[in-house]
$ cat input-v9.cif   # mmCIF, C-alpha atoms
data_protein
loop_
_atom_site.group_PDB
_atom_site.id
_atom_site.type_symbol
_atom_site.label_atom_id
_atom_site.label_comp_id
_atom_site.auth_asym_id
_atom_site.auth_seq_id
_atom_site.Cartn_x
_atom_site.Cartn_y
_atom_site.Cartn_z
ATOM 1 C CA MET I 1 47.979 8.935 21.232
ATOM 2 C CA GLY I 2 45.845 8.427 24.290
ATOM 3 C CA LEU I 3 42.341 7.047 24.412
ATOM 4 C CA THR I 4 39.581 9.585 24.816
ATOM 5 C CA GLN I 5 36.823 8.944 27.273
ATOM 6 C CA THR I 6 33.222 9.651 26.515
ATOM 7 C CA PRO I 7 31.496 11.727 29.150
ATOM 8 C CA ALA I 8 29.031 9.967 31.423
ATOM 9 C CA PRO I 9 25.368 10.602 30.602
ATOM 10 C CA THR I 10 23.661 13.185 32.746
ATOM 11 C CA GLU I 11 20.621 12.379 34.877
ATOM 12 C CA LEU I 12 18.341 14.027 32.306
ATOM 13 C CA GLU I 13 19.730 11.869 29.500
ATOM 14 C CA LYS I 14 19.197 8.709 31.541
ATOM 15 C CA SER I 15 15.567 9.474 32.298
ATOM 16 C CA THR I 16 14.378 10.745 28.908
ATOM 17 C CA VAL I 17 11.113 9.065 27.908
ATOM 18 C CA LEU I 18 9.264 9.400 24.640
ATOM 19 C CA LEU I 19 5.503 9.512 25.042
ATOM 20 C CA ALA I 20 3.065 8.979 22.188
ATOM 21 C CA PRO I 21 -0.510 7.728 21.930
ATOM 22 C CA LEU I 22 -0.744 4.022 21.111
ATOM 23 C CA ASP I 23 -3.018 4.627 18.121
ATOM 24 C CA TRP I 24 -0.443 7.026 16.643
ATOM 25 C CA LEU I 25 2.359 4.458 17.086
ATOM 26 C CA VAL I 26 0.292 1.687 15.483
ATOM 27 C CA GLY I 27 -0.686 3.978 12.580
ATOM 28 C CA TRP I 28 2.933 5.019 12.101
ATOM 29 C CA ALA I 29 4.060 1.381 12.060
ATOM 30 C CA ARG I 30 1.331 0.419 9.581
ATOM 31 C CA LYS I 31 2.049 3.249 7.185
ATOM 32 C CA ASN I 32 5.774 2.577 7.192
ATOM 33 C CA SER I 33 5.501 -1.145 6.499
ATOM 34 C CA LEU I 34 3.091 -1.594 3.591
ATOM 35 C CA TRP I 35 3.413 -4.965 1.880
ATOM 36 C CA PRO I 36 1.640 -4.988 -1.489
ATOM 37 C CA LEU I 37 0.429 -8.143 -3.182
ATOM 38 C CA THR I 38 2.106 -9.002 -6.491
ATOM 39 C CA TYR I 39 -1.093 -8.988 -8.509
ATOM 40 C CA ALA I 40 -1.340 -7.545 -12.005
ATOM 41 C CA THR I 41 -3.622 -8.456 -14.874
ATOM 42 C CA ALA I 42 -2.431 -6.334 -17.808
ATOM 43 C CA CYS I 43 0.067 -3.808 -19.161
ATOM 44 C CA CYS I 44 0.047 -1.679 -15.994
ATOM 45 C CA ALA I 45 2.087 -4.476 -14.438
ATOM 46 C CA PHE I 46 5.189 -3.203 -16.254
ATOM 47 C CA GLU I 47 4.801 0.223 -14.724
ATOM 48 C CA MET I 48 4.197 -1.325 -11.307
ATOM 49 C CA MET I 49 7.389 -3.406 -11.657
ATOM 50 C CA GLN I 50 9.300 -0.314 -12.774
ATOM 51 C CA ALA I 51 8.146 1.512 -9.643
ATOM 52 C CA TRP I 52 9.983 -1.021 -7.475
ATOM 53 C CA MET I 53 13.254 -0.731 -9.422
ATOM 54 C CA PRO I 54 16.222 1.281 -8.040
ATOM 55 C CA ARG I 55 15.275 4.510 -9.835
ATOM 56 C CA TYR I 56 12.113 4.978 -7.756
ATOM 57 C CA ASP I 57 13.202 2.914 -4.734
ATOM 58 C CA PHE I 58 9.928 2.085 -3.002
ATOM 59 C CA ASP I 59 11.894 0.145 -0.387
ATOM 60 C CA ARG I 60 12.634 3.421 1.386
ATOM 61 C CA HIS I 61 8.897 3.714 2.079
ATOM 62 C CA GLY I 62 8.884 0.259 3.660
ATOM 63 C CA CYS I 63 7.030 -1.291 0.702
ATOM 64 C CA PHE I 64 8.044 -4.842 -0.123
ATOM 65 C CA PHE I 65 6.124 -7.023 -2.565
ATOM 66 C CA ARG I 66 4.845 -10.281 -1.139
ATOM 67 C CA PRO I 67 3.812 -13.316 -3.208
ATOM 68 C CA THR I 68 0.886 -14.428 -1.058
ATOM 69 C CA PRO I 69 -2.187 -12.525 0.152
ATOM 70 C CA ARG I 70 -1.782 -13.867 3.685
ATOM 71 C CA GLN I 71 1.376 -11.778 4.118
ATOM 72 C CA CYS I 72 0.051 -8.567 2.545
ATOM 73 C CA ASP I 73 -1.917 -5.560 3.633
ATOM 74 C CA VAL I 74 -2.176 -3.673 0.308
ATOM 75 C CA MET I 75 -3.606 -4.966 -2.950
ATOM 76 C CA ILE I 76 -2.572 -3.042 -6.056
ATOM 77 C CA VAL I 77 -4.961 -3.978 -8.855
ATOM 78 C CA ALA I 78 -2.956 -3.066 -11.945
ATOM 79 C CA GLY I 79 -4.772 -3.435 -15.228
ATOM 80 C CA THR I 80 -7.946 -4.786 -16.735
ATOM 81 C CA VAL I 81 -10.172 -6.976 -14.605
ATOM 82 C CA THR I 82 -12.352 -9.231 -16.709
ATOM 83 C CA LYS I 83 -15.574 -10.760 -15.436
ATOM 84 C CA LYS I 84 -13.830 -14.127 -15.421
ATOM 85 C CA MET I 85 -11.153 -12.709 -13.056
ATOM 86 C CA ALA I 86 -13.645 -10.899 -10.806
ATOM 87 C CA GLU I 87 -14.200 -13.823 -8.449
ATOM 88 C CA PRO I 88 -10.458 -14.660 -8.072
ATOM 89 C CA THR I 89 -9.810 -10.963 -7.422
ATOM 90 C CA ARG I 90 -12.424 -10.901 -4.673
ATOM 91 C CA LEU I 91 -11.017 -14.151 -3.236
ATOM 92 C CA LEU I 92 -7.499 -12.677 -3.072
ATOM 93 C CA TYR I 93 -8.900 -9.583 -1.362
ATOM 94 C CA GLU I 94 -10.748 -11.681 1.214
ATOM 95 C CA GLN I 95 -7.563 -13.662 1.997
ATOM 96 C CA ILE I 96 -5.660 -10.515 2.994
ATOM 97 C CA PRO I 97 -5.797 -10.077 6.776
ATOM 98 C CA ASN I 98 -7.285 -6.903 8.262
ATOM 99 C CA PRO I 99 -6.491 -4.044 8.071
ATOM 100 C CA LYS I 100 -6.218 -4.047 4.286
ATOM 101 C CA TRP I 101 -6.218 -1.408 1.585
ATOM 102 C CA VAL I 102 -6.673 -1.403 -2.202
ATOM 103 C CA ILE I 103 -5.087 0.753 -4.897
ATOM 104 C CA ALA I 104 -6.698 0.709 -8.360
ATOM 105 C CA MET I 105 -3.895 1.381 -10.841
ATOM 106 C CA GLY I 106 -4.660 2.432 -14.400
ATOM 107 C CA ALA I 107 -7.730 3.474 -16.345
ATOM 108 C CA CYS I 108 -8.821 -0.145 -16.794
ATOM 109 C CA ALA I 109 -8.834 -0.871 -13.061
ATOM 110 C CA CYS I 110 -10.477 2.461 -12.254
ATOM 111 C CA SER I 111 -13.261 2.468 -14.848
ATOM 112 C CA GLY I 112 -12.771 -0.182 -17.529
ATOM 113 C CA GLY I 113 -10.541 2.077 -19.625
ATOM 114 C CA PRO I 114 -10.658 1.714 -23.399
ATOM 115 C CA PHE I 115 -12.432 -1.630 -22.959
ATOM 116 C CA ILE I 116 -15.427 -0.154 -21.128
ATOM 117 C CA ASP I 117 -17.811 -1.174 -23.928
ATOM 118 C CA SER I 118 -16.648 -4.774 -23.868
ATOM 119 C CA TYR I 119 -19.021 -7.416 -22.545
ATOM 120 C CA SER I 120 -16.244 -9.155 -20.620
ATOM 121 C CA VAL I 121 -14.621 -6.257 -18.719
ATOM 122 C CA VAL I 122 -15.598 -5.110 -15.225
ATOM 123 C CA LYS I 123 -16.288 -1.365 -15.300
ATOM 124 C CA GLY I 124 -14.038 -0.565 -12.382
ATOM 125 C CA VAL I 125 -12.619 -2.824 -9.706
ATOM 126 C CA ASP I 126 -14.654 -0.892 -7.131
ATOM 127 C CA LYS I 127 -17.663 -2.915 -8.343
ATOM 128 C CA ILE I 128 -15.974 -5.991 -6.805
ATOM 129 C CA ILE I 129 -13.909 -4.765 -3.839
ATOM 130 C CA PRO I 130 -13.638 -1.430 -1.985
ATOM 131 C CA VAL I 131 -10.910 0.855 -3.350
ATOM 132 C CA ASP I 132 -8.988 3.330 -1.184
ATOM 133 C CA VAL I 133 -6.826 5.140 -3.765
ATOM 134 C CA TYR I 134 -7.257 5.500 -7.532
ATOM 135 C CA VAL I 135 -4.296 5.988 -9.892
ATOM 136 C CA PRO I 136 -5.587 7.208 -13.277
ATOM 137 C CA GLY I 137 -3.708 6.975 -16.540
ATOM 138 C CA CYS I 138 -3.067 4.564 -19.358
ATOM 139 C CA PRO I 139 -0.581 3.423 -18.255
ATOM 140 C CA PRO I 140 0.113 5.465 -15.137
ATOM 141 C CA ARG I 141 3.722 6.397 -14.526
ATOM 142 C CA PRO I 142 5.652 4.936 -11.591
ATOM 143 C CA GLU I 143 5.648 8.400 -10.015
ATOM 144 C CA ALA I 144 1.840 8.270 -9.939
ATOM 145 C CA LEU I 145 1.942 4.960 -8.081
ATOM 146 C CA GLN I 146 4.473 6.391 -5.664
ATOM 147 C CA PHE I 147 2.145 9.339 -5.043
ATOM 148 C CA ALA I 148 -0.711 6.882 -4.461
ATOM 149 C CA ILE I 149 1.366 5.057 -1.837
ATOM 150 C CA LEU I 150 2.040 8.381 -0.092
ATOM 151 C CA GLU I 151 -1.671 9.231 -0.191
ATOM 152 C CA LEU I 152 -2.473 5.816 1.252
ATOM 153 C CA GLU I 153 0.008 6.469 4.061
ATOM 154 C CA LYS I 154 -1.819 9.725 4.851
ATOM 155 C CA LYS I 155 -5.134 7.885 4.866
ATOM 156 C CA ILE I 156 -3.748 5.241 7.238
ATOM 157 C CA MET I 157 -2.605 7.928 9.674
ATOM 158 C CA LYS I 158 -6.105 9.484 9.595
ATOM 159 C CA GLU I 159 -7.704 6.079 10.247
ATOM 160 C CA ARG I 160 -5.604 5.553 13.352
ATOM 161 C CA ALA I 161 -8.136 7.368 15.533
ATOM 162 C CA ASN I 162 -10.532 4.403 15.129
ATOM 163 C CA LEU I 163 -8.080 1.909 16.623
ATOM 164 C CA GLY I 164 -9.798 -0.330 19.138
ATOM 165 C CA ARG I 165 -13.187 1.367 18.836
ATOM 166 C CA GLN I 166 -16.268 -0.332 17.510
ATOM 167 C CA PRO I 167 -17.966 1.463 14.580
#

$ encode --input "input-v9.cif" --output "structure tokens"
Amino acid sequence: MGLTQTPAPTELEKSTVLLAPLDWLVGWARKNSLWPLTYATACCAFEMMQAWMPRYDFDRHGCFFRPTPRQCDVMIVAGTVTKKMAEPTRLLYEQIPNPKWVIAMGACACSGGPFIDSYSVVKGVDKIIPVDVYVPGCPPRPEALQFAILELEKKIMKERANLGRQP
């Protein structure tokens, strides 16, 4: 058996260049490397943990949980936010470097859920921090969170046009 030789690349193959706008490349890199903060306050945390198990495999989307807000760019607020936890929630949000996004997961995070009449529950996390994507349900399924991540990726690609421009 003799060794086979690979053909030499042609001139066209040597000079092929991929051109893309810088804002598109930055948006593509951001949307494919989302690092959510491990932050959950109630029962929705179990569904959020399930979403990162092998059955749903969020790793293929480039999502990897991080334990500190200084390494994250997405905050998933999963569960009830009480008035006592409002200030720590805002503090965690402020510690995330820009650009940052928020997903409100579950009826409690979106609107207060079944505890809306309680004196101690915030009636939606959007009263404390800006929310980009809402995931309704009590508790929402892991598929719903996966859909929210995909919707956030679409939103990030739409935001890319503002890269480097002052509002």

$ resolve_selection --input "input-v9.cif" --expression "the PyMOL selection byres ((chain I and resi 134-144) around 7)" --output "list in words"
Cys44, Glu47, Met48, Gln50, Ala51, Ile103, Ala104, Met105, Gly106, Ala107, Cys110, Asp132, Val133, Leu145, Gln146, Phe147 and Ala148 of chain I

$ resolve_selection --input "input-v9.cif" --expression "the PyMOL selection byres ((chain I and resi 90-93) around 10)" --output "list of chain:residue names"
I:Leu37, I:Tyr39, I:Thr68, I:Pro69, I:Arg70, I:Cys72, I:Asp73, I:Val74, I:Met75, I:Met85, I:Ala86, I:Glu87, I:Pro88, I:Thr89, I:Glu94, I:Gln95, I:Ile96, I:Pro97, I:Lys100, I:Trp101, I:Val102, I:Val125, I:Ile128, I:Ile129, I:Pro130

$ atom_distance --input "input-v9.cif" --atom1 "atom CA of I:Glu159" --atom2 "atom CA of I:Asp57"
25.9 Å

$ residues_around --input "input-v9.cif" --residues "I:Thr82" --least-positions-apart "4" --cutoff "7 Å" --atoms "only C-alpha atoms" --output "ChimeraX atom specification"
/I:86,120-122

$ atom_distance --input "input-v9.cif" --atom1 "atom CA of I:Trp28" --atom2 "atom CA of I:Met49"
25.6 Å

$ atom_distance --input "input-v9.cif" --atom1 "atom CA of I:Leu25" --atom2 "atom CA of I:Ile149"
19.0 Å

$ build_atoms --input "input-v9.cif" --residues "stretch 35-61 of chain I" --atoms "N, CA, C and O atoms" --output "mmCIF file, in the coordinates of the input"
data_model
loop_
_atom_site.group_PDB
_atom_site.id
_atom_site.type_symbol
_atom_site.label_atom_id
_atom_site.label_comp_id
_atom_site.auth_asym_id
_atom_site.auth_seq_id
_atom_site.Cartn_x
_atom_site.Cartn_y
_atom_site.Cartn_z
ATOM 1 N N TRP I 35 2.969 -3.830 2.670
ATOM 2 C CA TRP I 35 3.413 -4.965 1.880
ATOM 3 C C TRP I 35 2.372 -5.250 0.803
ATOM 4 O O TRP I 35 1.372 -5.892 1.059
ATOM 5 N N PRO I 36 2.610 -4.771 -0.413
ATOM 6 C CA PRO I 36 1.640 -4.988 -1.489
ATOM 7 C C PRO I 36 1.692 -6.413 -2.043
ATOM 8 O O PRO I 36 2.729 -7.062 -2.038
ATOM 9 N N LEU I 37 0.557 -6.849 -2.535
ATOM 10 C CA LEU I 37 0.429 -8.143 -3.182
ATOM 11 C C LEU I 37 0.909 -8.031 -4.621
ATOM 12 O O LEU I 37 0.581 -7.069 -5.317
ATOM 13 N N THR I 38 1.662 -8.997 -5.094
ATOM 14 C CA THR I 38 2.106 -9.002 -6.491
ATOM 15 C C THR I 38 0.947 -9.529 -7.336
ATOM 16 O O THR I 38 0.825 -10.718 -7.582
ATOM 17 N N TYR I 39 0.094 -8.618 -7.755
ATOM 18 C CA TYR I 39 -1.093 -8.988 -8.509
ATOM 19 C C TYR I 39 -1.309 -7.975 -9.630
ATOM 20 O O TYR I 39 -1.586 -6.804 -9.373
ATOM 21 N N ALA I 40 -1.133 -8.425 -10.859
ATOM 22 C CA ALA I 40 -1.340 -7.545 -12.005
ATOM 23 C C ALA I 40 -1.964 -8.352 -13.126
ATOM 24 O O ALA I 40 -1.627 -9.518 -13.324
ATOM 25 N N THR I 41 -2.884 -7.735 -13.842
ATOM 26 C CA THR I 41 -3.622 -8.456 -14.874
ATOM 27 C C THR I 41 -3.344 -7.955 -16.284
ATOM 28 O O THR I 41 -3.810 -8.573 -17.231
ATOM 29 N N ALA I 42 -2.622 -6.862 -16.463
ATOM 30 C CA ALA I 42 -2.431 -6.334 -17.808
ATOM 31 C C ALA I 42 -1.175 -5.466 -17.874
ATOM 32 O O ALA I 42 -0.290 -5.575 -17.024
ATOM 33 N N CYS I 43 -1.134 -4.583 -18.844
ATOM 34 C CA CYS I 43 0.067 -3.808 -19.161
ATOM 35 C C CYS I 43 0.512 -2.874 -18.029
ATOM 36 O O CYS I 43 1.678 -2.504 -17.966
ATOM 37 N N CYS I 44 -0.358 -2.516 -17.124
ATOM 38 C CA CYS I 44 0.047 -1.679 -15.994
ATOM 39 C C CYS I 44 1.053 -2.395 -15.094
ATOM 40 O O CYS I 44 1.734 -1.763 -14.292
ATOM 41 N N ALA I 45 1.139 -3.701 -15.238
ATOM 42 C CA ALA I 45 2.087 -4.476 -14.438
ATOM 43 C C ALA I 45 3.521 -4.024 -14.702
ATOM 44 O O ALA I 45 4.346 -3.997 -13.782
ATOM 45 N N PHE I 46 3.835 -3.650 -15.933
ATOM 46 C CA PHE I 46 5.189 -3.203 -16.254
ATOM 47 C C PHE I 46 5.533 -1.909 -15.526
ATOM 48 O O PHE I 46 6.646 -1.734 -15.040
ATOM 49 N N GLU I 47 4.572 -1.017 -15.453
ATOM 50 C CA GLU I 47 4.801 0.223 -14.724
ATOM 51 C C GLU I 47 4.905 -0.032 -13.226
ATOM 52 O O GLU I 47 5.684 0.608 -12.523
ATOM 53 N N MET I 48 4.119 -0.983 -12.720
ATOM 54 C CA MET I 48 4.197 -1.325 -11.307
ATOM 55 C C MET I 48 5.561 -1.942 -10.992
ATOM 56 O O MET I 48 6.180 -1.615 -9.977
ATOM 57 N N MET I 49 6.059 -2.813 -11.870
ATOM 58 C CA MET I 49 7.389 -3.406 -11.657
ATOM 59 C C MET I 49 8.472 -2.338 -11.719
ATOM 60 O O MET I 49 9.425 -2.355 -10.939
ATOM 61 N N GLN I 50 8.329 -1.393 -12.645
ATOM 62 C CA GLN I 50 9.300 -0.314 -12.774
ATOM 63 C C GLN I 50 9.343 0.533 -11.507
ATOM 64 O O GLN I 50 10.396 1.016 -11.104
ATOM 65 N N ALA I 51 8.200 0.690 -10.857
ATOM 66 C CA ALA I 51 8.146 1.512 -9.643
ATOM 67 C C ALA I 51 8.980 0.917 -8.516
ATOM 68 O O ALA I 51 9.423 1.642 -7.637
ATOM 69 N N TRP I 52 9.197 -0.377 -8.541
ATOM 70 C CA TRP I 52 9.983 -1.021 -7.475
ATOM 71 C C TRP I 52 11.444 -1.226 -7.882
ATOM 72 O O TRP I 52 12.186 -1.877 -7.172
ATOM 73 N N MET I 53 11.851 -0.653 -9.001
ATOM 74 C CA MET I 53 13.254 -0.731 -9.422
ATOM 75 C C MET I 53 14.054 0.367 -8.714
ATOM 76 O O MET I 53 13.490 1.266 -8.095
ATOM 77 N N PRO I 54 15.387 0.331 -8.799
ATOM 78 C CA PRO I 54 16.222 1.281 -8.040
ATOM 79 C C PRO I 54 15.959 2.753 -8.333
ATOM 80 O O PRO I 54 16.168 3.591 -7.471
ATOM 81 N N ARG I 55 15.482 3.092 -9.523
ATOM 82 C CA ARG I 55 15.275 4.510 -9.835
ATOM 83 C C ARG I 55 14.236 5.155 -8.919
ATOM 84 O O ARG I 55 14.357 6.306 -8.524
ATOM 85 N N TYR I 56 13.184 4.426 -8.592
ATOM 86 C CA TYR I 56 12.113 4.978 -7.756
ATOM 87 C C TYR I 56 12.211 4.516 -6.307
ATOM 88 O O TYR I 56 11.713 5.176 -5.420
ATOM 89 N N ASP I 57 12.816 3.371 -6.067
ATOM 90 C CA ASP I 57 13.202 2.914 -4.734
ATOM 91 C C ASP I 57 12.063 2.967 -3.712
ATOM 92 O O ASP I 57 12.094 3.730 -2.758
ATOM 93 N N PHE I 58 11.042 2.155 -3.939
ATOM 94 C CA PHE I 58 9.928 2.085 -3.002
ATOM 95 C C PHE I 58 10.327 1.473 -1.668
ATOM 96 O O PHE I 58 9.628 1.617 -0.683
ATOM 97 N N ASP I 59 11.458 0.770 -1.642
ATOM 98 C CA ASP I 59 11.894 0.145 -0.387
ATOM 99 C C ASP I 59 12.091 1.176 0.718
ATOM 100 O O ASP I 59 11.902 0.879 1.890
ATOM 101 N N ARG I 60 12.436 2.395 0.351
ATOM 102 C CA ARG I 60 12.634 3.421 1.386
ATOM 103 C C ARG I 60 11.336 3.809 2.069
ATOM 104 O O ARG I 60 11.339 4.394 3.142
ATOM 105 N N HIS I 61 10.204 3.476 1.456
ATOM 106 C CA HIS I 61 8.897 3.714 2.079
ATOM 107 C C HIS I 61 8.454 2.512 2.909
ATOM 108 O O HIS I 61 7.373 2.525 3.480
#
